[in-house]
$ cat entry-v5.txt   # compact mmCIF, C-alpha atoms and all ligand atoms
# COMPACT_ATOMS: atom_id res chain seq x y z
CA MET A 1 -9.70 11.91 -15.99
CA THR A 2 -7.47 9.04 -15.00
CA ALA A 3 -7.34 7.68 -18.55
CA GLN A 4 -4.85 10.33 -19.71
CA VAL A 5 -2.48 9.82 -16.81
CA PRO A 6 -0.38 6.63 -16.94
CA VAL A 7 -0.80 4.49 -13.84
CA ILE A 8 1.41 1.63 -12.68
CA ALA A 9 -0.38 -0.58 -10.15
CA ILE A 10 1.79 -2.41 -7.62
CA ASP A 11 0.20 -5.06 -5.44
CA GLY A 12 1.40 -7.82 -3.18
CA PRO A 13 1.22 -9.08 0.38
CA THR A 14 2.75 -7.46 3.46
CA GLY A 15 6.54 -7.52 3.30
CA SER A 16 6.65 -8.24 -0.42
CA GLY A 17 8.54 -4.97 -0.76
CA LYS A 18 5.78 -3.15 -2.62
CA GLY A 19 6.12 -0.02 -0.47
CA THR A 20 9.87 0.25 -1.02
CA VAL A 21 9.58 -0.63 -4.70
CA SER A 22 6.69 1.82 -5.26
CA ARG A 23 8.58 4.65 -3.57
CA GLY A 24 11.72 3.83 -5.56
CA LEU A 25 9.79 3.77 -8.84
CA ALA A 26 8.05 7.07 -8.07
CA ARG A 27 11.42 8.64 -7.37
CA ARG A 28 13.13 7.19 -10.46
CA LEU A 29 10.30 8.20 -12.80
CA ASN A 30 9.49 11.40 -10.93
CA TRP A 31 5.84 10.35 -10.73
CA HIS A 32 3.27 10.74 -7.96
CA LEU A 33 2.73 8.00 -5.40
CA LEU A 34 -0.45 6.67 -3.86
CA ASP A 35 0.14 4.59 -0.73
CA SER A 36 -3.38 3.20 -0.50
CA GLY A 37 -2.54 1.06 2.54
CA ALA A 38 -1.82 4.29 4.41
CA LEU A 39 -5.35 5.49 3.60
CA TYR A 40 -6.86 2.35 5.14
CA ARG A 41 -4.54 2.69 8.12
CA LEU A 42 -5.62 6.34 8.44
CA VAL A 43 -9.33 5.47 8.42
CA ALA A 44 -8.76 2.98 11.24
CA LEU A 45 -6.58 5.35 13.26
CA ALA A 46 -8.95 8.30 12.80
CA ALA A 47 -11.88 6.08 13.80
CA ARG A 48 -10.12 4.98 16.99
CA ARG A 49 -9.24 8.57 17.82
CA ARG A 50 -12.85 9.67 17.28
CA GLY A 51 -14.22 6.77 19.32
CA VAL A 52 -15.85 5.16 16.27
CA SER A 53 -16.00 1.36 16.48
CA LEU A 54 -14.24 -0.56 13.69
CA GLU A 55 -17.46 -2.58 13.40
CA ASP A 56 -19.55 0.51 12.65
CA ALA A 57 -19.65 0.70 8.82
CA ALA A 58 -21.60 3.98 8.66
CA GLY A 59 -19.28 5.56 11.24
CA LEU A 60 -16.22 4.41 9.25
CA VAL A 61 -17.64 5.86 6.02
CA SER A 62 -18.13 9.19 7.73
CA VAL A 63 -14.52 9.07 8.96
CA ALA A 64 -13.25 8.12 5.47
CA GLU A 65 -15.14 11.03 3.91
CA THR A 66 -14.22 13.71 6.43
CA MET A 67 -10.72 12.91 7.75
CA ALA A 68 -8.19 15.58 6.85
CA VAL A 69 -4.99 13.93 5.63
CA GLU A 70 -1.83 15.25 4.10
CA PHE A 71 1.03 13.32 2.51
CA SER A 72 4.37 15.01 2.09
CA ALA A 73 7.91 13.94 1.34
CA ALA A 74 11.14 15.65 2.25
CA GLY A 75 13.95 13.72 0.55
CA ASP A 76 13.67 10.12 1.66
CA GLU A 77 11.46 10.94 4.63
CA GLU A 78 7.74 10.78 4.09
CA GLN A 79 5.36 12.40 6.50
CA ILE A 80 1.67 11.72 6.97
CA MET A 81 -0.54 14.15 8.84
CA LEU A 82 -3.99 13.41 10.24
CA GLU A 83 -6.00 16.39 11.45
CA SER A 84 -2.73 18.39 11.58
CA GLN A 85 -0.98 15.75 13.72
CA ASP A 86 2.05 13.80 12.55
CA VAL A 87 0.93 10.15 12.53
CA THR A 88 3.73 8.73 10.33
CA LEU A 89 5.04 6.42 13.04
CA ALA A 90 1.66 5.52 14.55
CA LEU A 91 0.51 4.29 11.13
CA ARG A 92 3.41 1.87 10.69
CA THR A 93 2.74 -0.30 13.75
CA GLU A 94 1.47 -3.86 13.32
CA ASP A 95 -1.69 -2.94 15.22
CA ALA A 96 -2.42 -0.19 12.70
CA GLY A 97 -1.91 -2.76 9.92
CA MET A 98 -4.28 -5.26 11.52
CA ASP A 99 -6.88 -2.50 12.01
CA ALA A 100 -6.47 -1.44 8.37
CA SER A 101 -6.97 -5.02 7.24
CA GLN A 102 -10.24 -5.04 9.20
CA VAL A 103 -11.63 -1.75 7.84
CA GLY A 104 -10.45 -2.72 4.34
CA ALA A 105 -12.86 -5.65 4.48
CA VAL A 106 -15.84 -3.26 4.75
CA PRO A 107 -17.25 -2.62 1.23
CA GLU A 108 -18.68 0.80 2.17
CA VAL A 109 -15.23 1.97 3.30
CA ARG A 110 -13.68 0.87 0.00
CA ALA A 111 -16.38 2.75 -1.92
CA ALA A 112 -15.89 5.86 0.22
CA LEU A 113 -12.14 5.89 -0.54
CA LEU A 114 -12.51 5.41 -4.28
CA GLU A 115 -12.66 9.04 -5.41
CA ARG A 116 -10.02 10.14 -2.92
CA GLN A 117 -7.67 7.55 -4.43
CA ARG A 118 -8.46 8.49 -8.03
CA GLY A 119 -7.59 12.08 -7.19
CA PHE A 120 -3.95 11.03 -6.85
CA ALA A 121 -3.68 10.35 -10.61
CA ARG A 122 -1.95 13.47 -11.86
CA ALA A 123 0.55 14.09 -14.66
CA PRO A 124 3.13 12.92 -15.43
CA GLY A 125 2.03 9.61 -13.90
CA LEU A 126 1.11 7.66 -10.78
CA ILE A 127 2.53 4.68 -8.96
CA ALA A 128 -0.45 3.17 -7.15
CA ASP A 129 0.55 0.86 -4.31
CA GLY A 130 -2.07 -1.50 -2.92
CA ARG A 131 -4.68 -4.13 -3.06
CA ASP A 132 -7.26 -3.34 -5.71
CA MET A 133 -5.32 -0.67 -7.59
CA GLY A 134 -5.24 -2.57 -10.89
CA SER A 135 -8.59 -4.31 -10.58
CA VAL A 136 -10.92 -1.64 -9.15
CA VAL A 137 -9.41 1.79 -8.60
CA PHE A 138 -7.37 2.12 -11.81
CA PRO A 139 -8.57 -0.74 -14.04
CA GLU A 140 -7.14 1.03 -17.08
CA SER A 141 -3.60 1.07 -15.64
CA THR A 142 -1.12 0.12 -18.31
CA LEU A 143 1.13 -1.98 -16.14
CA LYS A 144 0.04 -4.14 -13.20
CA VAL A 145 2.71 -5.75 -11.07
CA PHE A 146 2.13 -8.33 -8.34
CA LEU A 147 5.14 -8.75 -6.04
CA THR A 148 5.56 -11.88 -3.99
CA ALA A 149 8.26 -13.29 -1.73
CA ALA A 150 8.60 -16.29 0.56
CA PRO A 151 6.78 -15.67 3.88
CA GLU A 152 9.98 -16.10 5.95
CA GLU A 153 11.76 -13.46 3.89
CA ARG A 154 8.78 -11.10 4.16
CA ALA A 155 8.75 -11.48 7.93
CA GLU A 156 12.51 -10.77 8.04
CA ARG A 157 12.10 -7.64 5.92
CA ARG A 158 9.28 -6.29 8.09
CA TYR A 159 11.33 -7.12 11.17
CA LYS A 160 14.31 -5.10 9.91
CA GLN A 161 12.09 -2.22 8.77
CA LEU A 162 10.33 -1.95 12.12
CA ARG A 163 13.54 -2.28 14.13
CA GLU A 164 15.10 0.51 12.07
CA LYS A 165 12.13 2.67 12.99
CA GLY A 166 12.69 1.86 16.65
CA ILE A 167 9.57 -0.30 16.88
CA ASP A 168 10.19 -3.33 19.10
CA VAL A 169 8.75 -6.59 17.75
CA SER A 170 9.64 -10.27 17.84
CA LEU A 171 10.28 -12.11 14.60
CA ALA A 172 8.07 -15.02 15.70
CA THR A 173 5.09 -12.74 16.41
CA LEU A 174 5.63 -10.97 13.11
CA SER A 175 5.70 -14.24 11.14
CA ARG A 176 2.48 -15.36 12.79
CA GLU A 177 0.79 -12.02 12.08
CA ILE A 178 1.91 -12.04 8.45
CA VAL A 179 0.39 -15.46 7.85
CA GLU A 180 -2.79 -14.40 9.67
CA ARG A 181 -3.11 -11.17 7.67
CA ASP A 182 -2.39 -12.95 4.36
CA GLN A 183 -5.16 -15.39 5.08
CA ARG A 184 -7.67 -12.71 5.96
CA ASP A 185 -6.70 -10.56 2.95
CA ALA A 186 -6.71 -13.48 0.51
CA ASN A 187 -9.95 -15.04 1.64
CA ARG A 188 -12.20 -12.04 2.00
CA SER A 189 -14.96 -11.67 -0.55
CA ILE A 190 -14.22 -8.05 -1.43
CA ALA A 191 -10.92 -7.04 -3.06
CA PRO A 192 -9.10 -10.21 -2.05
CA LEU A 193 -5.32 -10.33 -2.19
CA ARG A 194 -4.52 -12.08 -5.45
CA PRO A 195 -2.89 -11.05 -8.72
CA ALA A 196 -5.17 -9.39 -11.29
CA ALA A 197 -5.64 -11.57 -14.39
CA ASP A 198 -3.44 -9.22 -16.42
CA ALA A 199 -0.80 -8.62 -13.72
CA ARG A 200 2.85 -9.54 -14.14
CA VAL A 201 4.01 -11.53 -11.14
CA LEU A 202 7.49 -10.87 -9.77
CA ASP A 203 8.95 -13.10 -7.05
CA SER A 204 11.40 -10.96 -5.13
CA THR A 205 12.78 -13.70 -2.87
CA GLY A 206 16.56 -13.25 -2.81
CA LEU A 207 16.43 -10.00 -4.81
CA THR A 208 17.32 -6.54 -3.54
CA ALA A 209 14.81 -3.72 -3.85
CA GLU A 210 17.09 -2.17 -6.48
CA GLN A 211 16.99 -5.34 -8.60
CA VAL A 212 13.19 -5.43 -8.40
CA ILE A 213 12.95 -1.74 -9.35
CA GLU A 214 15.23 -2.31 -12.36
CA THR A 215 13.03 -5.17 -13.55
CA VAL A 216 9.87 -3.10 -13.29
CA LEU A 217 11.57 -0.17 -15.06
CA ARG A 218 12.38 -2.53 -17.91
CA TRP A 219 8.70 -3.46 -18.13
CA VAL A 220 7.81 0.23 -18.03
CA ASP A 221 10.10 0.78 -21.02
CA GLU A 222 8.68 -2.21 -22.87
CA ALA A 223 5.15 -0.86 -22.31
CA GLY A 224 6.28 2.47 -23.79
CA LEU A 225 5.01 4.23 -20.68
CA THR A 226 7.72 6.84 -20.45
CA ALA A 227 7.99 7.57 -24.15
CA GLY A 228 8.46 11.28 -24.58
CA SER A 229 8.95 12.07 -20.89
O1 LIG B 1 -0.16 -2.16 2.44
P1 LIG B 1 -0.40 -2.03 3.92
O2 LIG B 1 0.30 -3.07 4.75
O3 LIG B 1 -0.16 -0.64 4.44
O4 LIG B 1 -1.99 -2.30 4.09
C1 LIG B 1 -2.57 -2.46 5.36
C2 LIG B 1 -3.90 -3.18 5.23
O5 LIG B 1 -4.84 -2.33 4.58
C3 LIG B 1 -3.86 -4.46 4.43
O6 LIG B 1 -3.66 -5.58 5.28
C4 LIG B 1 -5.23 -4.53 3.77
C5 LIG B 1 -5.68 -3.09 3.73
N1 LIG B 1 -5.61 -2.51 2.38
C6 LIG B 1 -6.69 -2.69 1.55
O7 LIG B 1 -7.65 -3.34 1.95
N2 LIG B 1 -6.70 -2.15 0.30
C7 LIG B 1 -5.64 -1.45 -0.16
N3 LIG B 1 -5.67 -0.92 -1.38
C8 LIG B 1 -4.50 -1.28 0.68
C9 LIG B 1 -4.52 -1.83 1.94
$ encode --input "entry-v5.txt" --output "structure tokens"
Amino acid sequence: MTAQVPVIAIDGPTGSGKGTVSRGLARRLNWHLLDSGALYRLVALAARRRGVSLEDAAGLVSVAETMAVEFSAAGDEEQIMLESQDVTLALRTEDAGMDASQVGAVPEVRAALLERQRGFARAPGLIADGRDMGSVVFPESTLKVFLTAAPEERAERRYKQLREKGIDVSLATLSREIVERDQRDANRSIAPLRPAADARVLDSTGLTAEQVIETVLRWVDEAGLTAGS
């Protein structure tokens, strides 16, 4: 199924700009978008709301298989619904991110989300944002991009993003959490955070999102991914 649909996999640590860049690419190419981090955040949030412990692998699998989620976008505003409730804001908190990092370390949860993620690959193409997009979920993706940026700049970006959304955080706490999350994500045995062997690494320190998007679009052209569209 997924082989006919071109997939661009975008990975990178928190604050590397992969969310912004993925959304921008999806808009520019008019392709679908899979925000896989949101799925992990949703599993954790749904588990908490159902009283399922984040340590309970079987309980988490059941949540991952049965949670009703809906992604929609109106202009620049994306909306995520869980069991008919708008959870867009609740998902973006640092706590939700830490929870997601924890449930993402459970192999059974990753397996349970596999088919749901593959279902996002629809014509004319998919931008797949997240950890194991190029290595596990869409190994046949034509272009794999790994975005990086200096940790201080990533903390600053997250800080601005969260403040814009009215979420109150301190830059010092955020920096500490980013380093902590990087370490956990990079050192875990399953789907660790590191570039796939065939990924192109792009350091976005000092670049605007627009400059990063332009670079990736050039690679898309070079790969002949949009030929004919
Ligand atoms: O991209 P994000 O910040 O929304 O992801 C939140 C956490 O979810 C991240 O710290 C690790 C986990 N995650 C994952 O394990 N696999 C993915 N494909 C995406 C996210």
$ closest_residue --input "entry-v5.txt" --among "A:Pro139, A:Gly15, A:Gly37, A:Gly224" --to "ligand LIG 1 (chain B)" --atoms "all atoms listed in the file"
A:Gly37
$ closest_atom_pairs --input "entry-v5.txt" --of "chain A" --to "ligand LIG 1 (chain B)" --cutoff "9 Å" --atoms "all atoms listed in the file" --output "Markdown table"
| residue | atom | partner | partner_atom | distance |
| --- | --- | --- | --- | --- |
| A:Asp11 | CA | B:LIG1 | N3 | 8.3 |
| A:Gly12 | CA | B:LIG1 | O1 | 8.1 |
| A:Pro13 | CA | B:LIG1 | O1 | 7.4 |
| A:Thr14 | CA | B:LIG1 | O2 | 5.2 |
| A:Gly15 | CA | B:LIG1 | O2 | 7.8 |
| A:Lys18 | CA | B:LIG1 | O1 | 7.9 |
| A:Gly19 | CA | B:LIG1 | O1 | 7.2 |
| A:Asp35 | CA | B:LIG1 | O3 | 7.4 |
| A:Ser36 | CA | B:LIG1 | C8 | 4.8 |
| A:Gly37 | CA | B:LIG1 | O3 | 3.5 |
| A:Ala38 | CA | B:LIG1 | O3 | 5.2 |
| A:Leu39 | CA | B:LIG1 | C8 | 7.4 |
| A:Tyr40 | CA | B:LIG1 | O5 | 5.1 |
| A:Arg41 | CA | B:LIG1 | O5 | 6.1 |
| A:Leu91 | CA | B:LIG1 | O3 | 8.3 |
| A:Arg92 | CA | B:LIG1 | O3 | 7.6 |
| A:Glu94 | CA | B:LIG1 | O2 | 8.7 |
| A:Ala96 | CA | B:LIG1 | C1 | 7.7 |
| A:Gly97 | CA | B:LIG1 | C1 | 4.6 |
| A:Met98 | CA | B:LIG1 | O6 | 6.3 |
| A:Asp99 | CA | B:LIG1 | C2 | 7.4 |
| A:Ala100 | CA | B:LIG1 | O5 | 4.2 |
| A:Ser101 | CA | B:LIG1 | O6 | 3.9 |
| A:Gln102 | CA | B:LIG1 | C5 | 7.4 |
| A:Val103 | CA | B:LIG1 | O7 | 7.3 |
| A:Gly104 | CA | B:LIG1 | O7 | 3.7 |
| A:Ala105 | CA | B:LIG1 | O7 | 6.2 |
| A:Val106 | CA | B:LIG1 | O7 | 8.7 |
| A:Arg110 | CA | B:LIG1 | O7 | 7.6 |
| A:Ala128 | CA | B:LIG1 | N3 | 8.8 |
| A:Asp129 | CA | B:LIG1 | N3 | 7.1 |
| A:Gly130 | CA | B:LIG1 | N3 | 4.0 |
| A:Arg131 | CA | B:LIG1 | N3 | 3.8 |
| A:Asp132 | CA | B:LIG1 | N3 | 5.2 |
| A:Met133 | CA | B:LIG1 | N3 | 6.2 |
| A:Val137 | CA | B:LIG1 | N3 | 8.6 |
| A:Arg181 | CA | B:LIG1 | O6 | 6.1 |
| A:Asp182 | CA | B:LIG1 | O6 | 7.5 |
| A:Arg184 | CA | B:LIG1 | O6 | 8.2 |
| A:Asp185 | CA | B:LIG1 | C4 | 6.3 |
| A:Ile190 | CA | B:LIG1 | O7 | 8.8 |
| A:Ala191 | CA | B:LIG1 | O7 | 7.0 |
| A:Pro192 | CA | B:LIG1 | O7 | 8.1 |
| A:Leu193 | CA | B:LIG1 | C4 | 8.3 |
$ closest_residue --input "entry-v5.txt" --among "A:Thr142, A:Gln161, A:Thr66, A:Thr148" --to "A:Trp219" --atoms "only C-alpha atoms"
A:Thr142
$ residues_around --input "entry-v5.txt" --residues "A:Ser141" --least-positions-apart "3" --cutoff "9 Å" --atoms "all atoms listed in the file" --output "list in words"
Thr2, Ala3, Val5, Pro6, Val7, Ile8, Ala9, Met133, Gly134, Ser135, Phe138 and Lys144 of chain A
$ residues_around --input "entry-v5.txt" --residues "A:Ala121" --least-positions-apart "2" --cutoff "8 Å" --atoms "only C-alpha atoms" --output "list in words"
Thr2, Val5, Val7, His32, Gln117, Arg118, Gly119, Ala123, Gly125 and Leu126 of chain A
$ closest_residue --input "entry-v5.txt" --among "A:Gly24, A:Gly51, A:Gly206, A:Gly59" --to "A:Glu152" --atoms "all atoms listed in the file"
A:Gly206
$ atom_distance --input "entry-v5.txt" --atom1 "atom CA of A:Leu114" --atom2 "atom CA of A:Leu147"
22.7 Å
$ atom_distance --input "entry-v5.txt" --atom1 "atom CA of A:Val216" --atom2 "atom CA of A:Leu33"
15.4 Å
$ residues_around --input "entry-v5.txt" --residues "A:Ala57" --least-positions-apart "4" --cutoff "8 Å" --atoms "all atoms listed in the file" --output "PDB file with C-alpha atoms, in the frame of the given file"
ATOM      1  CA  VAL A  61     -17.640   5.860   6.020  1.00  0.00           C
ATOM      2  CA  VAL A 106     -15.840  -3.260   4.750  1.00  0.00           C
ATOM      3  CA  GLU A 108     -18.680   0.800   2.170  1.00  0.00           C
ATOM      4  CA  VAL A 109     -15.230   1.970   3.300  1.00  0.00           C
TER       5      VAL A 109
END
$ closest_residue --input "entry-v5.txt" --among "A:Gln85, A:Gly17, A:Leu143, A:Glu65" --to "A:Ala47" --atoms "all atoms listed in the file"
A:Glu65
$ residues_around --input "entry-v5.txt" --residues "A:Leu25" --least-positions-apart "4" --cutoff "7 Å" --atoms "all atoms listed in the file" --output "number ranges by chain"
A: 21, 29, 213
$ atom_distance --input "entry-v5.txt" --atom1 "atom CA of A:Val69" --atom2 "atom CA of A:Leu34"
12.8 Å
$ closest_residue --input "entry-v5.txt" --among "A:Arg122, A:Asp95, A:Asp203, A:Leu225" --to "A:Glu177" --atoms "all atoms listed in the file"
A:Asp95
$ residues_around --input "entry-v5.txt" --residues "A:Leu89" --least-positions-apart "4" --cutoff "10 Å" --atoms "only C-alpha atoms" --output "VMD selection string"
chain A and resid 79 to 80 93 96 162 165 to 167
$ closest_residue --input "entry-v5.txt" --among "A:Glu70, A:Arg49, A:Arg23, A:Ser16" --to "A:Thr205" --atoms "all atoms listed in the file"
A:Ser16
$ decode --input "entry-v5.txt" --residues "stretch 150-164 of chain A" --atoms "N, CA, C and O atoms" --output "mmCIF file, in the first residue's frame"
data_model
loop_
_atom_site.group_PDB
_atom_site.id
_atom_site.type_symbol
_atom_site.label_atom_id
_atom_site.label_comp_id
_atom_site.auth_asym_id
_atom_site.auth_seq_id
_atom_site.Cartn_x
_atom_site.Cartn_y
_atom_site.Cartn_z
ATOM 1 N N ALA A 150 21.335 23.366 17.933
ATOM 2 C CA ALA A 150 21.996 23.455 19.232
ATOM 3 C C ALA A 150 20.938 23.415 20.340
ATOM 4 O O ALA A 150 19.867 24.012 20.184
ATOM 5 N N PRO A 151 21.213 22.731 21.457
ATOM 6 C CA PRO A 151 20.223 22.594 22.531
ATOM 7 C C PRO A 151 19.691 23.934 23.039
ATOM 8 O O PRO A 151 18.491 24.066 23.288
ATOM 9 N N GLU A 152 20.568 24.955 23.141
ATOM 10 C CA GLU A 152 20.103 26.260 23.653
ATOM 11 C C GLU A 152 19.071 26.863 22.705
ATOM 12 O O GLU A 152 18.070 27.439 23.129
ATOM 13 N N GLU A 153 19.323 26.711 21.402
ATOM 14 C CA GLU A 153 18.383 27.277 20.432
ATOM 15 C C GLU A 153 17.064 26.506 20.448
ATOM 16 O O GLU A 153 15.989 27.076 20.326
ATOM 17 N N ARG A 154 17.148 25.188 20.644
ATOM 18 C CA ARG A 154 15.922 24.377 20.710
ATOM 19 C C ARG A 154 15.090 24.756 21.924
ATOM 20 O O ARG A 154 13.861 24.842 21.851
ATOM 21 N N ALA A 155 15.758 25.005 23.045
ATOM 22 C CA ALA A 155 15.035 25.413 24.255
ATOM 23 C C ALA A 155 14.357 26.765 24.025
ATOM 24 O O ALA A 155 13.189 26.959 24.382
ATOM 25 N N GLU A 156 15.073 27.686 23.385
ATOM 26 C CA GLU A 156 14.512 29.011 23.079
ATOM 27 C C GLU A 156 13.281 28.904 22.192
ATOM 28 O O GLU A 156 12.275 29.576 22.407
ATOM 29 N N ARG A 157 13.371 28.039 21.174
ATOM 30 C CA ARG A 157 12.245 27.885 20.238
ATOM 31 C C ARG A 157 11.014 27.341 20.959
ATOM 32 O O ARG A 157 9.908 27.812 20.763
ATOM 33 N N ARG A 158 11.234 26.307 21.775
ATOM 34 C CA ARG A 158 10.118 25.720 22.524
ATOM 35 C C ARG A 158 9.514 26.757 23.463
ATOM 36 O O ARG A 158 8.305 26.847 23.619
ATOM 37 N N TYR A 159 10.405 27.551 24.078
ATOM 38 C CA TYR A 159 9.976 28.583 25.019
ATOM 39 C C TYR A 159 9.026 29.560 24.322
ATOM 40 O O TYR A 159 7.929 29.833 24.785
ATOM 41 N N LYS A 160 9.461 30.048 23.148
ATOM 42 C CA LYS A 160 8.641 30.996 22.389
ATOM 43 C C LYS A 160 7.312 30.370 21.985
ATOM 44 O O LYS A 160 6.256 30.970 22.140
ATOM 45 N N GLN A 161 7.395 29.129 21.471
ATOM 46 C CA GLN A 161 6.193 28.416 21.022
ATOM 47 C C GLN A 161 5.172 28.295 22.148
ATOM 48 O O GLN A 161 3.993 28.578 21.969
ATOM 49 N N LEU A 162 5.653 27.870 23.313
ATOM 50 C CA LEU A 162 4.746 27.633 24.433
ATOM 51 C C LEU A 162 4.174 28.945 24.952
ATOM 52 O O LEU A 162 2.995 29.037 25.277
ATOM 53 N N ARG A 163 5.029 29.983 25.004
ATOM 54 C CA ARG A 163 4.550 31.291 25.474
ATOM 55 C C ARG A 163 3.467 31.822 24.534
ATOM 56 O O ARG A 163 2.466 32.380 24.989
ATOM 57 N N GLU A 164 3.676 31.634 23.225
ATOM 58 C CA GLU A 164 2.676 32.084 22.258
ATOM 59 C C GLU A 164 1.350 31.390 22.480
ATOM 60 O O GLU A 164 0.287 31.929 22.208
#
